[in-house]
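Shown next, in structure tokens, is the structure this report addresses.
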Amino acid sequence: MKVAVNTRFLLTPPLEGIGRFTQNVLQQWVKNHPNVEFYFFFDRPYRPEYLYAPNIIPIVLFPPARHPLLYIAFFEGATYYQLKKIQPNVFFSPDGYLCLRSNIPQVAVFHDLAFEHFPQGISKLHLLHYRYFFPRYAQKAKRICCVSQYTANDIHQTYNTPQEKLKVVYNGASPLFQPLEPQKQQQIRNQYTQGAPFFLSVGAIHPRKNLERLLQAFDIFKENTHLPIKLLIIGRKAWNFENVIKCYQKMHYQKDVIFTGSISDTELAKLYASALALCYVSLFEGFGLPLLEAMQTHTAILTSKVTSMPEIANGAALLVDPYDTTDIAQGLIELATNPNLRSQLISAAQKQKQKFSWEKTAALCWQAIEEAIST
């Protein structure tokens, strides 16, 4: 059996959402199916650590797919000819992109349809590309793996995709994300916040992550409580981040906000475990991986009551309206001043987190592969 895989998101670490999904699913697959030949399609020179087993054949295709016109060249040109040459049983794409020209059975992973609901968050060229191709990918795919029931429902409603095509596979989290003993937590606080307790925000900085309202809410929180708590923001500057910086510059308590940029997963895990709470008040998520990472590190969670986040949290987080700065601020106050609430949320999370693992995700994705081949 031959399985071709789009691995263009296996980039220089630290990997972000789709890259993490790709890596964790493929690591399980190559281990569990040693007799299958896996063809990894990279769009640039690959890193040797991504060749997880001897049954992987790496192939670098041209051009690097980082622009709408190059996406077309990569998937409808280079990928098409490579699939024609290899003739695999199936093509699996963890970022949703497929090859419309190929008749090989194909399985896509759709993480969300954020561009359909928040078109202002991306460039006009990307938006035109996504809105043209993704409905066609949904039609082309034999199976679509969805990272939440919310995403599956959204695909069904937005693209009229048959329910039988859609398989909810969720996400997992790395075993790196574990609780820390109190002494080590204090060492982390000493390193990052001069020993002060802190709220944690995790994710690339762009409009959908709602950091402007979080910063405004943090100002309200500080004004109302005067507690010696800081806000630590982890993540790279992605797109349209300028308004976040302007908002930060207007803050009364900007000295209590710390931007770290991207950090390693090892360091991130320590920060989760040392935080007073995770503040994840995004406007839209297909899953929301930081929620699960916080659950694993026994960290209380504040998150949004919209899209997939209530589904993933399921009673293990304090839910707020992400469009209401006052509601977010009140959530911060409750988590900071009510240790019993934090304990209740952490306890609920220990049950909820059992629903998710990369082993389960990989097994469900493999079922989708088998169904795609047999239909």
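In the structure tokens, chains take the letters A, B, ... in the order shown, each chain's residues start at 1, and ligands count up from 1 in the order shown.
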
Practice item. Enumerate the residues of segment 260-336 of chain A with a DSSP assignment of strand (DSSP E or B), computed from the backbone, and present them as a PyMOL selection string. Key: chain A and resi 260-261+277-280+300-304+318-320

Would you save the residues of that selection, restricted to N, CA and C atoms, as a PDB file, in the first residue's frame?
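Heads up, here's the output in selection.pdb:
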ATOM      1  N   THR A 260       6.553  37.658  24.628  1.00  0.00           N
ATOM      2  CA  THR A 260       7.767  36.836  24.535  1.00  0.00           C
ATOM      3  C   THR A 260       8.124  36.464  23.095  1.00  0.00           C
ATOM      4  N   GLY A 261       7.162  36.595  22.150  1.00  0.00           N
ATOM      5  CA  GLY A 261       7.378  36.034  20.822  1.00  0.00           C
ATOM      6  C   GLY A 261       7.225  34.516  20.880  1.00  0.00           C
ATOM      7  N   ALA A 277      -3.838  31.222  35.112  1.00  0.00           N
ATOM      8  CA  ALA A 277      -4.897  30.750  34.217  1.00  0.00           C
ATOM      9  C   ALA A 277      -4.499  31.037  32.778  1.00  0.00           C
ATOM     10  N   LEU A 278      -5.028  30.230  31.859  1.00  0.00           N
ATOM     11  CA  LEU A 278      -4.928  30.515  30.430  1.00  0.00           C
ATOM     12  C   LEU A 278      -6.093  31.412  30.048  1.00  0.00           C
ATOM     13  N   CYS A 279      -5.804  32.489  29.314  1.00  0.00           N
ATOM     14  CA  CYS A 279      -6.846  33.395  28.813  1.00  0.00           C
ATOM     15  C   CYS A 279      -6.891  33.267  27.297  1.00  0.00           C
ATOM     16  N   TYR A 280      -7.865  32.538  26.799  1.00  0.00           N
ATOM     17  CA  TYR A 280      -7.952  32.212  25.375  1.00  0.00           C
ATOM     18  C   TYR A 280      -9.308  32.680  24.870  1.00  0.00           C
ATOM     19  N   ALA A 300      -6.126  26.471  35.114  1.00  0.00           N
ATOM     20  CA  ALA A 300      -7.493  26.948  34.915  1.00  0.00           C
ATOM     21  C   ALA A 300      -7.599  27.694  33.581  1.00  0.00           C
ATOM     22  N   ILE A 301      -8.809  27.725  33.014  1.00  0.00           N
ATOM     23  CA  ILE A 301      -9.000  28.273  31.665  1.00  0.00           C
ATOM     24  C   ILE A 301     -10.141  29.278  31.643  1.00  0.00           C
ATOM     25  N   LEU A 302      -9.872  30.403  30.991  1.00  0.00           N
ATOM     26  CA  LEU A 302     -10.893  31.374  30.593  1.00  0.00           C
ATOM     27  C   LEU A 302     -10.962  31.342  29.080  1.00  0.00           C
ATOM     28  N   THR A 303     -12.142  31.085  28.507  1.00  0.00           N
ATOM     29  CA  THR A 303     -12.233  31.027  27.050  1.00  0.00           C
ATOM     30  C   THR A 303     -13.576  31.543  26.559  1.00  0.00           C
ATOM     31  N   SER A 304     -13.721  31.588  25.251  1.00  0.00           N
ATOM     32  CA  SER A 304     -14.881  32.199  24.603  1.00  0.00           C
ATOM     33  C   SER A 304     -16.053  31.222  24.533  1.00  0.00           C
ATOM     34  N   LEU A 318     -14.092  28.630  32.290  1.00  0.00           N
ATOM     35  CA  LEU A 318     -15.015  29.739  32.504  1.00  0.00           C
ATOM     36  C   LEU A 318     -15.242  30.411  31.160  1.00  0.00           C
ATOM     37  N   LEU A 319     -16.495  30.466  30.718  1.00  0.00           N
ATOM     38  CA  LEU A 319     -16.827  30.984  29.386  1.00  0.00           C
ATOM     39  C   LEU A 319     -17.245  32.450  29.466  1.00  0.00           C
ATOM     40  N   VAL A 320     -16.753  33.242  28.508  1.00  0.00           N
ATOM     41  CA  VAL A 320     -17.090  34.658  28.437  1.00  0.00           C
ATOM     42  C   VAL A 320     -17.436  35.034  26.999  1.00  0.00           C
TER      43      VAL A 320
END

Practice item. Within segment 155-217 of chain A, find each residue whose DSSP state, derived from the backbone, is alpha helix (DSSP H), and express the selection as a VMD selection string. Key: chain A and resid 155 to 159 182 to 193 211 to 217

Could you write out that same residue set with C-alpha atoms as a short mmCIF file (atom, residue, chain, number, x, y, z; two decimals), in the first residue's frame?
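Saved result, again21.cif, follows:
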data_model
loop_
_atom_site.label_atom_id
_atom_site.label_comp_id
_atom_site.auth_asym_id
_atom_site.auth_seq_id
_atom_site.Cartn_x
_atom_site.Cartn_y
_atom_site.Cartn_z
CA ILE A 155 -18.60 22.52 6.56
CA HIS A 156 -21.95 20.78 6.14
CA GLN A 157 -23.90 24.03 6.39
CA THR A 158 -21.52 26.27 4.42
CA TYR A 159 -20.67 23.89 1.55
CA PRO A 182 5.36 24.44 43.07
CA GLN A 183 9.08 25.09 43.46
CA LYS A 184 9.68 24.84 39.70
CA GLN A 185 6.61 26.98 39.01
CA GLN A 186 8.13 29.73 41.13
CA GLN A 187 11.41 29.43 39.23
CA ILE A 188 9.50 30.03 35.97
CA ARG A 189 7.72 33.03 37.47
CA ASN A 190 11.05 34.39 38.65
CA GLN A 191 12.43 34.00 35.14
CA TYR A 192 9.53 35.62 33.22
CA THR A 193 7.54 37.89 35.56
CA LEU A 211 -5.85 40.38 21.88
CA GLU A 212 -7.03 44.00 21.73
CA ARG A 213 -10.04 43.21 23.90
CA LEU A 214 -7.93 41.03 26.19
CA LEU A 215 -5.50 43.91 26.75
CA GLN A 216 -8.38 46.32 27.43
CA ALA A 217 -9.95 43.79 29.81
#

Check your understanding: Could you name the residues that touch Asn314 of chain A at 9 Å or less, counting only C-alpha atoms, but leaving out those on the same chain fewer than 4 positions away, as number ranges by chain?
Key -> A: 309-310, 348-349, 352

Point to revise | Polymer residues at most 12 Å from Thr161 of chain A, only C-alpha atoms, same-chain spacing of 5 or more positions, as a PyMOL selection string | key: chain A and resi 134-144+151-156+166-167

Review point. Leaving out Phe91 of chain A and any residue of its chain fewer than 5 positions from it, which residues lie within 9 Å of it when counting only C-alpha atoms, given as a list in words?
Key: Val3, Ala4, Val5, Asn6, Leu83, Leu98, Cys99, Ile104, Pro105, Gln106, Val107, Ala108 and Ile369 of chain A

Hey, can you spit out that residue selection with C-alpha atoms as a tab-separated table (two decimals), in the first residue's frame?
chain	number	residue	atom	x	y	z
A	3	VAL	CA	0.07	6.69	0.94
A	4	ALA	CA	1.12	10.12	-0.34
A	5	VAL	CA	1.04	12.96	2.19
A	6	ASN	CA	1.22	16.73	1.89
A	83	LEU	CA	0.70	11.41	-7.88
A	98	LEU	CA	-6.11	18.74	-2.56
A	99	CYS	CA	-5.25	18.14	-6.20
A	104	ILE	CA	-6.48	9.37	-6.82
A	105	PRO	CA	-8.76	9.05	-3.73
A	106	GLN	CA	-8.07	12.01	-1.45
A	107	VAL	CA	-8.61	12.79	2.23
A	108	ALA	CA	-8.45	16.37	3.52
A	369	ILE	CA	-8.03	6.72	4.69

Check your understanding: Do you have the atom CA of Leu11 of chain A-atom CA of Tyr132 of chain A distance handy?
Key -> 26.4 Å

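Between atom CA of Phe38 of chain A and atom CA of Thr22 of chain A lies a distance of 13.2 Å.
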
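Taking only C-alpha atoms, the non-local environment of segment 273-276 of chain A within 7 Å (same-chain residues fewer than 4 positions away omitted) comprises A:Gln178, A:Pro179, A:Leu180, A:Gln185, A:Ile188, A:Arg189, A:Pro197, A:Phe198, A:Phe199, A:Leu200, A:Ala269, A:Thr297, A:His298, A:Thr299, A:Ala300.
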
Point to revise | Selection: 10 Å around segment 25-29 of chain A, only C-alpha atoms, excl. self and same-chain fewer than 6 positions, as a count of residues only | key: 21

**Study point:** Minimum-distance residue to Ser343 of chain A, chosen among A:Leu128, A:Leu232, A:Ala316, A:Leu289 (using only C-alpha atoms)
**Key:** A:Ala316

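Shortest atom-to-atom contact with Lys230 of chain A among A:Leu271, A:Ala196, A:Ile18, A:Val90: A:Ala196, counting only C-alpha atoms.
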
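A straight line drawn from atom CA of Gly96 of chain A to atom CA of Tyr323 of chain A is 29.0 Å long.
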
Practice item. Go through A:Arg8, A:His252, A:Lys246, A:Lys222 one by one, measure the shortest atom-to-atom distance of each to Tyr97 of chain A using only C-alpha atoms, and give the residue with the smallest value. Key: A:Arg8

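Considering only C-alpha atoms, the residue among A:Ile233, A:Ile245, A:Ile333, A:Ile346 positioned nearest to Ala204 of chain A is A:Ile233.
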
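With only C-alpha atoms as the atoms that count, the residue of A:Asp43, A:Asn224, A:Ala73, A:Lys2 with the shortest distance to Ile57 of chain A is A:Lys2.
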